[in-house]
$ cat coords.tsv   # TSV, C-alpha atoms and all ligand atoms
chain	number	residue	atom	x	y	z
T	2	MET	CA	-38.82	31.63	36.65
T	3	ILE	CA	-37.58	29.68	33.61
T	4	HIS	CA	-36.47	26.15	34.52
T	5	GLY	CA	-34.48	23.58	32.69
T	6	LEU	CA	-31.84	25.39	30.63
T	7	LYS	CA	-28.52	23.60	30.32
T	8	ILE	CA	-25.51	25.89	29.99
T	9	GLY	CA	-21.99	24.88	28.99
T	10	ILE	CA	-18.98	26.91	30.12
T	11	LEU	CA	-15.46	26.75	28.71
T	12	ASN	CA	-12.16	28.61	29.10
T	13	GLY	CA	-9.83	29.00	26.13
T	14	GLY	CA	-6.35	30.46	25.57
T	15	GLY	CA	-3.83	31.34	28.25
T	16	ASP	CA	-5.15	31.06	31.78
T	17	CYS	CA	-5.39	34.03	34.11
T	18	ALA	CA	-6.42	34.81	37.65
T	19	GLY	CA	-10.18	35.03	37.98
T	20	LEU	CA	-11.25	32.15	35.72
T	21	ASN	CA	-12.43	30.09	38.68
T	22	ALA	CA	-14.31	33.08	40.06
T	23	VAL	CA	-16.25	33.21	36.76
T	24	THR	CA	-17.00	29.49	36.82
T	25	ARG	CA	-18.20	29.73	40.40
T	26	ALA	CA	-20.47	32.70	39.72
T	27	VAL	CA	-21.88	31.16	36.52
T	28	VAL	CA	-22.81	28.01	38.42
T	29	ARG	CA	-24.30	29.84	41.38
T	30	LYS	CA	-26.27	32.37	39.34
T	31	SER	CA	-27.50	29.62	37.01
T	32	GLU	CA	-28.70	27.52	39.92
T	33	GLN	CA	-30.67	30.51	41.20
T	34	PHE	CA	-32.52	30.48	37.89
T	35	GLY	CA	-32.95	26.70	38.03
T	36	TYR	CA	-30.42	26.04	35.26
T	37	GLU	CA	-27.89	23.22	35.02
T	38	VAL	CA	-24.22	23.88	34.21
T	39	VAL	CA	-21.77	21.63	32.39
T	40	GLY	CA	-18.06	22.41	32.48
T	41	ILE	CA	-16.31	21.89	29.15
T	42	ARG	CA	-12.73	20.86	29.83
T	43	HIS	CA	-9.63	22.04	27.91
T	44	GLY	CA	-11.30	24.82	25.94
T	45	TRP	CA	-12.74	24.15	22.49
T	46	ALA	CA	-11.00	20.74	22.58
T	47	GLY	CA	-13.61	19.67	25.12
T	48	LEU	CA	-16.36	20.32	22.61
T	49	LEU	CA	-14.50	18.38	19.92
T	50	ASN	CA	-13.87	15.41	22.25
T	51	LEU	CA	-16.91	15.57	24.54
T	52	ASP	CA	-14.67	16.16	27.53
T	53	THR	CA	-17.07	17.55	30.13
T	54	VAL	CA	-17.80	17.62	33.84
T	55	PRO	CA	-21.07	18.43	35.64
T	56	LEU	CA	-20.81	21.50	37.86
T	57	THR	CA	-22.94	22.14	40.90
T	58	TRP	CA	-22.89	24.58	43.82
T	59	ARG	CA	-20.68	22.21	45.78
T	60	ASP	CA	-18.12	21.71	42.95
T	61	VAL	CA	-17.36	25.41	42.87
T	62	SER	CA	-17.16	25.91	46.59
T	63	GLY	CA	-13.97	27.61	47.76
T	64	ILE	CA	-12.54	28.34	44.32
T	65	ILE	CA	-13.08	32.10	44.06
T	66	GLY	CA	-9.52	32.80	45.16
T	67	GLN	CA	-7.83	29.96	43.30
T	68	GLY	CA	-5.50	30.67	40.40
T	69	GLY	CA	-5.58	28.74	37.12
T	70	THR	CA	-8.78	27.07	36.01
T	71	ILE	CA	-10.47	23.94	37.30
T	72	LEU	CA	-11.75	23.43	33.73
T	73	HIS	CA	-8.24	23.49	32.21
T	74	THR	CA	-7.56	25.36	29.01
T	75	THR	CA	-5.92	24.92	25.60
T	76	ARG	CA	-5.31	27.01	22.51
T	77	THR	CA	-7.44	24.70	20.32
T	78	ASN	CA	-8.92	26.29	17.21
T	79	PRO	CA	-11.83	24.22	15.80
T	80	PHE	CA	-11.52	26.16	12.54
T	81	LYS	CA	-8.07	24.56	12.03
T	82	ARG	CA	-9.52	21.03	12.28
T	83	LYS	CA	-11.26	19.23	9.43
T	84	ASP	CA	-14.99	19.70	10.02
T	85	GLY	CA	-14.12	21.14	13.46
T	86	PRO	CA	-16.87	23.78	13.61
T	87	GLN	CA	-19.49	21.24	12.50
T	88	ALA	CA	-18.25	18.78	15.14
T	89	VAL	CA	-18.51	21.46	17.84
T	90	LEU	CA	-22.09	22.27	16.83
T	91	ALA	CA	-23.05	18.60	16.67
T	92	ASN	CA	-21.56	17.95	20.11
T	93	VAL	CA	-23.34	20.94	21.61
T	94	GLY	CA	-26.51	19.22	20.39
T	95	LYS	CA	-25.41	15.84	21.77
T	96	LEU	CA	-24.75	17.39	25.17
T	97	GLY	CA	-28.17	19.02	25.08
T	98	LEU	CA	-26.72	22.48	25.71
T	99	ASP	CA	-29.13	25.37	25.32
T	100	ALA	CA	-26.32	27.90	25.51
T	101	LEU	CA	-22.58	28.22	25.83
T	102	ILE	CA	-20.58	30.73	27.86
T	103	ALA	CA	-17.13	31.05	26.31
T	104	VAL	CA	-14.56	32.70	28.56
T	105	GLY	CA	-11.50	33.75	26.64
T	106	GLY	CA	-9.30	36.24	24.93
T	107	GLU	CA	-9.43	37.45	21.37
T	108	ASP	CA	-8.75	33.97	19.89
T	109	THR	CA	-11.39	32.09	21.88
T	110	LEU	CA	-13.91	34.87	21.40
T	111	SER	CA	-13.23	35.00	17.65
T	112	VAL	CA	-14.09	31.30	17.45
T	113	ALA	CA	-17.24	32.01	19.47
T	114	ALA	CA	-18.15	34.87	17.12
T	115	LYS	CA	-17.77	32.68	14.02
T	116	LEU	CA	-19.72	29.80	15.57
T	117	SER	CA	-22.42	32.25	16.56
T	118	THR	CA	-22.99	33.08	12.90
T	119	MET	CA	-23.35	29.31	12.33
T	120	GLY	CA	-26.14	29.07	14.92
T	121	LEU	CA	-24.36	28.53	18.25
T	122	LYS	CA	-26.12	30.27	21.12
T	123	VAL	CA	-23.10	31.77	22.79
T	124	VAL	CA	-22.21	34.57	25.19
T	125	GLY	CA	-18.58	35.65	25.45
T	126	VAL	CA	-16.80	36.68	28.65
T	127	PRO	CA	-13.52	38.55	28.08
T	128	LYS	CA	-10.45	37.49	30.05
T	129	THR	CA	-6.72	37.96	29.68
T	130	ILE	CA	-3.78	39.32	31.59
T	131	ASP	CA	-2.90	41.26	28.42
T	132	ASN	CA	-5.96	43.59	28.71
T	133	ASP	CA	-5.98	43.82	24.92
T	134	ILE	CA	-9.60	42.94	24.07
T	135	VAL	CA	-11.47	45.48	22.01
T	136	GLY	CA	-14.99	46.22	23.27
T	137	THR	CA	-14.27	46.24	27.01
T	138	ASP	CA	-12.42	48.79	29.12
T	139	VAL	CA	-10.68	46.15	31.19
T	140	THR	CA	-10.33	42.38	31.43
T	141	PHE	CA	-10.10	40.40	34.64
T	142	GLY	CA	-6.68	38.85	35.13
T	143	PHE	CA	-4.98	42.13	34.23
T	144	ASP	CA	-5.14	43.71	37.69
T	145	SER	CA	-3.79	40.56	39.32
T	146	ALA	CA	-0.96	40.36	36.78
T	147	VAL	CA	-0.06	44.02	37.34
T	148	ASN	CA	0.00	43.51	41.11
T	149	VAL	CA	2.36	40.52	40.83
T	150	THR	CA	4.57	42.42	38.40
T	151	VAL	CA	4.77	45.47	40.67
T	152	GLU	CA	5.72	43.32	43.62
T	153	ALA	CA	8.40	41.58	41.55
T	154	ILE	CA	9.83	44.87	40.28
T	155	ASP	CA	9.94	46.28	43.81
T	156	ARG	CA	12.05	43.28	44.78
T	157	ILE	CA	14.25	43.46	41.69
T	158	GLN	CA	14.84	47.13	42.44
T	159	THR	CA	16.37	46.54	45.88
T	160	THR	CA	18.82	43.92	44.62
T	161	GLY	CA	19.63	46.02	41.54
T	162	GLU	CA	20.45	48.97	43.80
T	163	SER	CA	22.65	46.88	46.11
T	164	HIS	CA	24.73	45.70	43.15
T	165	ASP	CA	24.72	48.92	41.09
T	166	ARG	CA	23.19	47.12	38.13
T	167	ILE	CA	20.81	47.85	35.32
T	168	MET	CA	17.91	45.40	35.64
T	169	LEU	CA	15.85	44.56	32.57
T	170	VAL	CA	12.45	43.16	33.51
T	171	GLU	CA	10.66	41.39	30.65
T	172	VAL	CA	6.91	41.04	31.07
T	173	MET	CA	4.15	39.27	29.18
T	174	GLY	CA	1.36	41.10	27.38
T	175	ARG	CA	1.84	39.97	23.82
T	176	HIS	CA	1.62	42.92	21.38
T	177	ALA	CA	0.05	45.32	23.87
T	178	GLY	CA	2.00	47.19	26.51
T	179	TRP	CA	-0.65	47.33	29.23
T	180	ILE	CA	1.17	45.22	31.82
T	181	ALA	CA	4.54	46.83	31.06
T	182	ALA	CA	3.15	50.37	31.28
T	183	TYR	CA	0.91	49.91	34.33
T	184	ALA	CA	3.48	47.95	36.31
T	185	GLY	CA	6.30	50.23	35.15
T	186	ILE	CA	4.48	53.38	36.24
T	187	ALA	CA	3.25	51.82	39.49
T	188	SER	CA	6.71	50.60	40.49
T	189	GLY	CA	8.53	53.78	39.52
T	190	ALA	CA	10.62	52.07	36.83
T	191	ASN	CA	13.16	54.32	35.13
T	192	LEU	CA	12.23	53.33	31.59
T	193	VAL	CA	9.25	51.47	30.13
T	194	LEU	CA	9.45	49.93	26.67
T	195	VAL	CA	6.15	48.89	25.10
T	196	PRO	CA	5.30	47.05	21.88
T	197	GLU	CA	3.28	50.02	20.65
T	198	GLU	CA	6.56	51.79	19.78
T	199	PRO	CA	9.61	50.17	18.15
T	200	VAL	CA	12.63	50.19	20.47
T	201	ASP	CA	15.69	52.15	19.40
T	202	LEU	CA	18.63	50.41	21.07
T	203	GLU	CA	20.99	53.38	20.68
T	204	GLU	CA	18.41	55.72	22.20
T	205	VAL	CA	17.88	53.41	25.19
T	206	ALA	CA	21.65	53.12	25.66
T	207	ALA	CA	22.07	56.90	25.49
T	208	PHE	CA	19.26	57.37	28.04
T	209	LEU	CA	20.91	54.95	30.48
T	210	LYS	CA	24.41	56.40	29.95
T	211	LYS	CA	23.13	59.88	30.72
T	212	ARG	CA	21.21	58.65	33.74
T	213	HIS	CA	24.23	56.91	35.23
T	214	ALA	CA	26.61	59.77	34.30
T	215	SER	CA	24.38	62.10	36.29
T	216	GLY	CA	24.66	60.05	39.46
T	217	ALA	CA	22.23	57.10	39.24
T	218	THR	CA	23.82	53.86	40.37
T	219	ALA	CA	21.05	51.46	39.33
T	220	SER	CA	18.23	51.44	36.79
T	221	ILE	CA	15.08	49.47	36.19
T	222	VAL	CA	13.94	49.01	32.61
T	223	VAL	CA	10.63	47.26	31.97
T	224	VAL	CA	10.25	45.72	28.53
T	225	GLY	CA	7.11	44.18	27.05
T	226	GLU	CA	7.78	40.76	25.52
T	227	GLY	CA	6.25	41.89	22.22
T	228	CYS	CA	8.57	44.88	21.74
T	229	THR	CA	10.28	45.06	18.40
T	230	LEU	CA	13.67	46.37	17.50
T	231	LYS	CA	16.02	46.19	14.55
T	232	ASP	CA	17.97	42.92	14.29
T	233	TYR	CA	15.79	41.14	16.84
T	234	PRO	CA	13.28	38.51	15.63
T	235	ALA	CA	9.65	39.22	16.55
T	236	GLY	CA	9.07	35.94	18.41
T	237	ASP	CA	9.84	32.32	17.66
T	238	THR	CA	7.88	31.61	14.48
T	239	THR	CA	8.87	27.93	14.55
T	240	LYS	CA	6.52	27.55	17.53
T	241	THR	CA	3.26	29.15	16.45
T	242	ASP	CA	-0.02	28.11	18.08
T	243	GLU	CA	-3.26	27.14	16.30
T	244	PHE	CA	-4.16	30.80	16.01
T	245	GLY	CA	-0.87	31.64	14.31
T	246	HIS	CA	0.76	33.43	17.24
T	247	ALA	CA	4.54	33.14	17.51
T	248	ARG	CA	5.92	32.27	20.93
T	249	LEU	CA	7.29	35.48	22.43
T	250	GLY	CA	9.99	36.02	25.04
T	251	GLY	CA	13.73	36.62	24.97
T	252	ILE	CA	13.93	40.30	24.20
T	253	GLY	CA	15.03	41.03	27.79
T	254	ASP	CA	18.16	38.87	27.46
T	255	PHE	CA	18.96	40.35	24.07
T	256	LEU	CA	18.62	43.91	25.35
T	257	ALA	CA	20.62	43.20	28.51
T	258	ARG	CA	23.55	41.89	26.43
T	259	GLU	CA	23.47	44.76	23.95
T	260	LEU	CA	22.99	47.47	26.58
T	261	GLU	CA	25.81	46.19	28.77
T	262	LYS	CA	28.17	46.50	25.77
T	263	ARG	CA	27.05	50.04	25.05
T	264	VAL	CA	26.55	51.48	28.55
T	265	GLY	CA	29.42	49.68	30.28
T	266	ILE	CA	27.39	48.80	33.37
T	267	GLU	CA	26.53	45.26	34.44
T	268	THR	CA	23.05	44.58	33.08
T	269	ARG	CA	20.86	41.62	34.05
T	270	ALA	CA	17.60	40.41	32.57
T	271	VAL	CA	14.74	38.92	34.60
T	272	VAL	CA	11.96	37.28	32.63
T	273	LEU	CA	8.81	37.26	34.75
T	274	GLY	CA	6.90	35.14	32.20
T	275	HIS	CA	4.25	32.84	33.61
T	276	VAL	CA	4.88	33.93	37.21
T	277	VAL	CA	2.65	36.89	36.45
T	278	ARG	CA	-0.18	34.72	35.11
T	279	GLY	CA	-0.23	32.29	38.00
T	280	GLY	CA	-1.69	32.54	41.47
T	281	GLY	CA	-4.97	33.80	42.81
T	282	PRO	CA	-6.93	36.84	41.64
T	283	SER	CA	-6.87	40.27	43.28
T	284	GLY	CA	-10.03	41.48	45.02
T	285	PHE	CA	-10.76	43.68	42.00
T	286	ASP	CA	-10.52	40.72	39.60
T	287	ARG	CA	-12.73	38.51	41.80
T	288	ILE	CA	-15.46	41.15	41.71
T	289	LEU	CA	-15.08	41.87	38.00
T	290	ALA	CA	-15.13	38.16	37.14
T	291	THR	CA	-18.24	37.67	39.27
T	292	ARG	CA	-20.05	40.66	37.74
T	293	LEU	CA	-19.30	39.47	34.20
T	294	ALA	CA	-20.39	35.91	35.00
T	295	VAL	CA	-23.71	37.14	36.41
T	296	ALA	CA	-24.22	39.31	33.32
T	297	ALA	CA	-23.48	36.35	31.04
T	298	VAL	CA	-26.08	34.14	32.76
T	299	GLU	CA	-28.58	36.98	32.57
T	300	ARG	CA	-27.96	37.28	28.80
T	301	VAL	CA	-28.63	33.54	28.48
T	302	LYS	CA	-31.85	33.95	30.47
T	303	ASP	CA	-32.89	36.82	28.18
T	304	GLY	CA	-32.01	34.83	25.05
T	305	LYS	CA	-29.45	37.48	24.03
T	306	PHE	CA	-26.71	35.61	22.18
T	307	GLY	CA	-23.73	36.50	19.99
T	308	VAL	CA	-22.65	39.12	22.51
T	309	LEU	CA	-19.67	39.85	24.70
T	310	VAL	CA	-20.37	41.01	28.24
T	311	CYS	CA	-18.10	43.93	28.94
T	312	VAL	CA	-17.22	46.90	31.13
T	313	HIS	CA	-17.68	50.53	30.14
T	314	GLY	CA	-16.76	52.98	32.83
T	315	ASN	CA	-17.89	51.04	35.86
T	316	ALA	CA	-21.01	49.66	34.23
T	317	ILE	CA	-21.45	46.16	32.84
T	318	SER	CA	-23.00	46.05	29.40
T	319	ASP	CA	-22.69	43.97	26.25
T	320	ALA	CA	-21.42	44.38	22.70
T	321	PRO	CA	-21.71	42.30	19.53
T	322	LEU	CA	-19.13	39.51	19.61
T	323	ASP	CA	-18.01	40.14	16.06
T	324	ARG	CA	-16.70	43.55	17.14
T	325	ILE	CA	-13.57	41.95	18.58
T	326	LEU	CA	-12.67	39.85	15.54
T	327	GLY	CA	-9.04	40.32	14.51
T	328	LYS	CA	-8.47	43.41	16.62
T	329	THR	CA	-6.12	44.33	19.47
T	330	LYS	CA	-6.78	47.05	22.02
T	331	ASN	CA	-3.45	48.80	22.37
T	332	LEU	CA	-2.30	51.18	25.06
T	333	ASP	CA	-4.18	54.47	25.11
T	334	LYS	CA	-2.27	57.70	24.43
T	335	GLU	CA	-2.62	58.95	28.00
T	336	THR	CA	-0.98	55.88	29.56
T	337	LEU	CA	1.70	55.81	26.90
T	338	SER	CA	2.65	59.41	27.49
T	339	MET	CA	2.55	58.95	31.27
T	340	ALA	CA	4.95	56.02	30.95
T	341	LYS	CA	7.28	58.32	29.00
T	342	ASP	CA	6.91	61.34	31.28
T	343	PHE	CA	7.98	59.27	34.25
T	344	SER	CA	11.06	57.84	32.50
T	345	LEU	CA	13.97	59.38	34.32
T	401	LIG	O1	-2.24	35.98	26.18
T	401	LIG	C1	-1.76	35.75	27.45
T	401	LIG	C2	-0.31	35.39	27.42
T	401	LIG	O2	0.12	35.19	28.74
T	401	LIG	C3	0.60	36.37	26.69
T	401	LIG	O3	0.92	37.48	27.48
T	401	LIG	C4	1.78	35.50	26.37
T	401	LIG	O4	2.50	35.94	25.24
T	401	LIG	C5	1.12	34.18	26.05
T	401	LIG	O5	-0.12	34.16	26.72
T	401	LIG	C6	1.94	32.98	26.47
T	401	LIG	O6	1.19	31.84	26.23
T	401	LIG	P1	1.68	30.36	26.53
T	401	LIG	O7	1.60	30.14	28.00
T	401	LIG	O8	0.73	29.51	25.77
T	401	LIG	O9	3.08	30.28	26.02
$ encode --input "coords.tsv" --output "structure tokens"
Amino acid sequence: MIHGLKIGILNGGGDCAGLNAVTRAVVRKSEQFGYEVVGIRHGWAGLLNLDTVPLTWRDVSGIIGQGGTILHTTRTNPFKRKDGPQAVLANVGKLGLDALIAVGGEDTLSVAAKLSTMGLKVVGVPKTIDNDIVGTDVTFGFDSAVNVTVEAIDRIQTTGESHDRIMLVEVMGRHAGWIAAYAGIASGANLVLVPEEPVDLEEVAAFLKKRHASGATASIVVVGEGCTLKDYPAGDTTKTDEFGHARLGGIGDFLARELEKRVGIETRAVVLGHVVRGGGPSGFDRILATRLAVAAVERVKDGKFGVLVCVHGNAISDAPLDRILGKTKNLDKETLSMAKDFSL
């Protein structure tokens, strides 16, 4: 058994259910190997500011089902700070870290990939509710977000039916329609609009008119926050983060107003937003997070760095970290066409 390695772990980007399950499993697996774990707080900011916390078996007790992250997270990009990458590398040295496990989405993992080429011994763990990371079939956080969304839509459906309304449900997911499509299909929504295809307002209005003319008294339309349509701005570009992402949200309200005018039926928008990201992980996400954490510690033990631990089929494997740089995994054709086939 190899003793004495010191591993840092950080979370970056938007939180999601399952982050604490990863932290817990990293600590417990590491301790089995005789390694020490240091929690880096607030994402990459913690490595710029030396904001850390020691983590032992006891510190991670009882957190597998907790939402959010005990380590906190930010959207800090060291490559946007003067000498940021150099400061991160120097602080990794100061902390005596032999390896870093970076748990994040495309942004956090892109930073990890770039730092890896500069000498950082890093293993990436993919997470996001958006499920949009290239190189892995699925990310933890996604299943939990879908479950919350389905439950919310089921509830919105009963009130929509009572009041004979069209209900527009706006969901997160950035520029990928995974949450919208999965939750839309699973809740039996009448129409699912995803960012992968530009929305045609007149077409949507015609669909709803026809539906209500043929006897429907209520409709559920799920819309991904990153959907685009003519005359609607693609996000608030006055509020971009350090990775250049515009703040999304608002398309549901816009569509509700415009559709009500065209269809002539009271139309309400519900923005699920952060509700879907909060709360504890599903059983599936707890297991996936744990499996990925174990795989990450094993990669550290084997000295295999610059990789992303990932899922292919039901097997855990790894892929070069630089494979995810600048890419988005969009909805597959099968799911997209299923979402359309069930629009009625
Ligand atoms: O990437 C996860 C995500 O929840 C996206 O779906 C959403 O657009 C974004 O983060 C919101 O981030 P924030 O909470 O920083 O506004």
$ residues_near_ligand --input "coords.tsv" --ligand "ligand LIG 401 (chain T)" --cutoff "8 Å" --atoms "all atoms listed in the file" --output "PyMOL selection string"
chain T and resi 14-17+76+106+129-131+172-175+226-227+242+248-250+274-275+278
$ residues_near_point --input "coords.tsv" --point "(-8.5, 34.7, 12.8)" --cutoff "12 Å" --atoms "all atoms listed in the file" --output "PyMOL selection string"
chain T and resi 78-81+107-115+242-246+323+325-329
$ write_last_selection --input "coords.tsv" --atoms "C-alpha atoms" --output "short mmCIF file (atom, residue, chain, number, x, y, z; two decimals), in the coordinates of the input"
data_model
loop_
_atom_site.label_atom_id
_atom_site.label_comp_id
_atom_site.auth_asym_id
_atom_site.auth_seq_id
_atom_site.Cartn_x
_atom_site.Cartn_y
_atom_site.Cartn_z
CA ASN T 78 -8.92 26.29 17.21
CA PRO T 79 -11.83 24.22 15.80
CA PHE T 80 -11.52 26.16 12.54
CA LYS T 81 -8.07 24.56 12.03
CA GLU T 107 -9.43 37.45 21.37
CA ASP T 108 -8.75 33.97 19.89
CA THR T 109 -11.39 32.09 21.88
CA LEU T 110 -13.91 34.87 21.40
CA SER T 111 -13.23 35.00 17.65
CA VAL T 112 -14.09 31.30 17.45
CA ALA T 113 -17.24 32.01 19.47
CA ALA T 114 -18.15 34.87 17.12
CA LYS T 115 -17.77 32.68 14.02
CA ASP T 242 -0.02 28.11 18.08
CA GLU T 243 -3.26 27.14 16.30
CA PHE T 244 -4.16 30.80 16.01
CA GLY T 245 -0.87 31.64 14.31
CA HIS T 246 0.76 33.43 17.24
CA ASP T 323 -18.01 40.14 16.06
CA ILE T 325 -13.57 41.95 18.58
CA LEU T 326 -12.67 39.85 15.54
CA GLY T 327 -9.04 40.32 14.51
CA LYS T 328 -8.47 43.41 16.62
CA THR T 329 -6.12 44.33 19.47
#
$ atom_distance --input "coords.tsv" --atom1 "CA of Leu230 (chain T)" --atom2 "CA of Gly136 (chain T)"
29.2 Å
$ residues_near_point --input "coords.tsv" --point "(-23.0, 27.6, 30.5)" --cutoff "9 Å" --atoms "all atoms listed in the file" --output "count of residues only"
26
$ atom_distance --input "coords.tsv" --atom1 "CA of Thr53 (chain T)" --atom2 "CA of Phe143 (chain T)"
27.7 Å
$ closest_residue --input "coords.tsv" --among "T:Glu335, T:Asp165, T:Asp155, T:Asp144" --to "Val223 (chain T)" --atoms "only C-alpha atoms"
T:Asp155
$ atom_distance --input "coords.tsv" --atom1 "CA of Ile65 (chain T)" --atom2 "CA of Ala18 (chain T)"
9.6 Å
$ residues_around --input "coords.tsv" --residues "Asn191 (chain T)" --least-positions-apart "6" --cutoff "10 Å" --atoms "only C-alpha atoms" --output "number ranges by chain"
T: 185, 208-209, 212, 219-223, 340-341, 343-345
$ residues_around --input "coords.tsv" --residues "region 158-160 of chain T" --least-positions-apart "4" --cutoff "10 Å" --atoms "all atoms listed in the file" --output "list in words"
Glu152, Ala153, Ile154, His164, Asp165, Arg166, Ile167, Met168, Ser188, Gly189, Ala190, Ala219, Ser220 and Ile221 of chain T
$ write_last_selection --input "coords.tsv" --atoms "C-alpha atoms" --output "tab-separated table (two decimals), in the coordinates of the input"
chain	number	residue	atom	x	y	z
T	152	GLU	CA	5.72	43.32	43.62
T	153	ALA	CA	8.40	41.58	41.55
T	154	ILE	CA	9.83	44.87	40.28
T	164	HIS	CA	24.73	45.70	43.15
T	165	ASP	CA	24.72	48.92	41.09
T	166	ARG	CA	23.19	47.12	38.13
T	167	ILE	CA	20.81	47.85	35.32
T	168	MET	CA	17.91	45.40	35.64
T	188	SER	CA	6.71	50.60	40.49
T	189	GLY	CA	8.53	53.78	39.52
T	190	ALA	CA	10.62	52.07	36.83
T	219	ALA	CA	21.05	51.46	39.33
T	220	SER	CA	18.23	51.44	36.79
T	221	ILE	CA	15.08	49.47	36.19
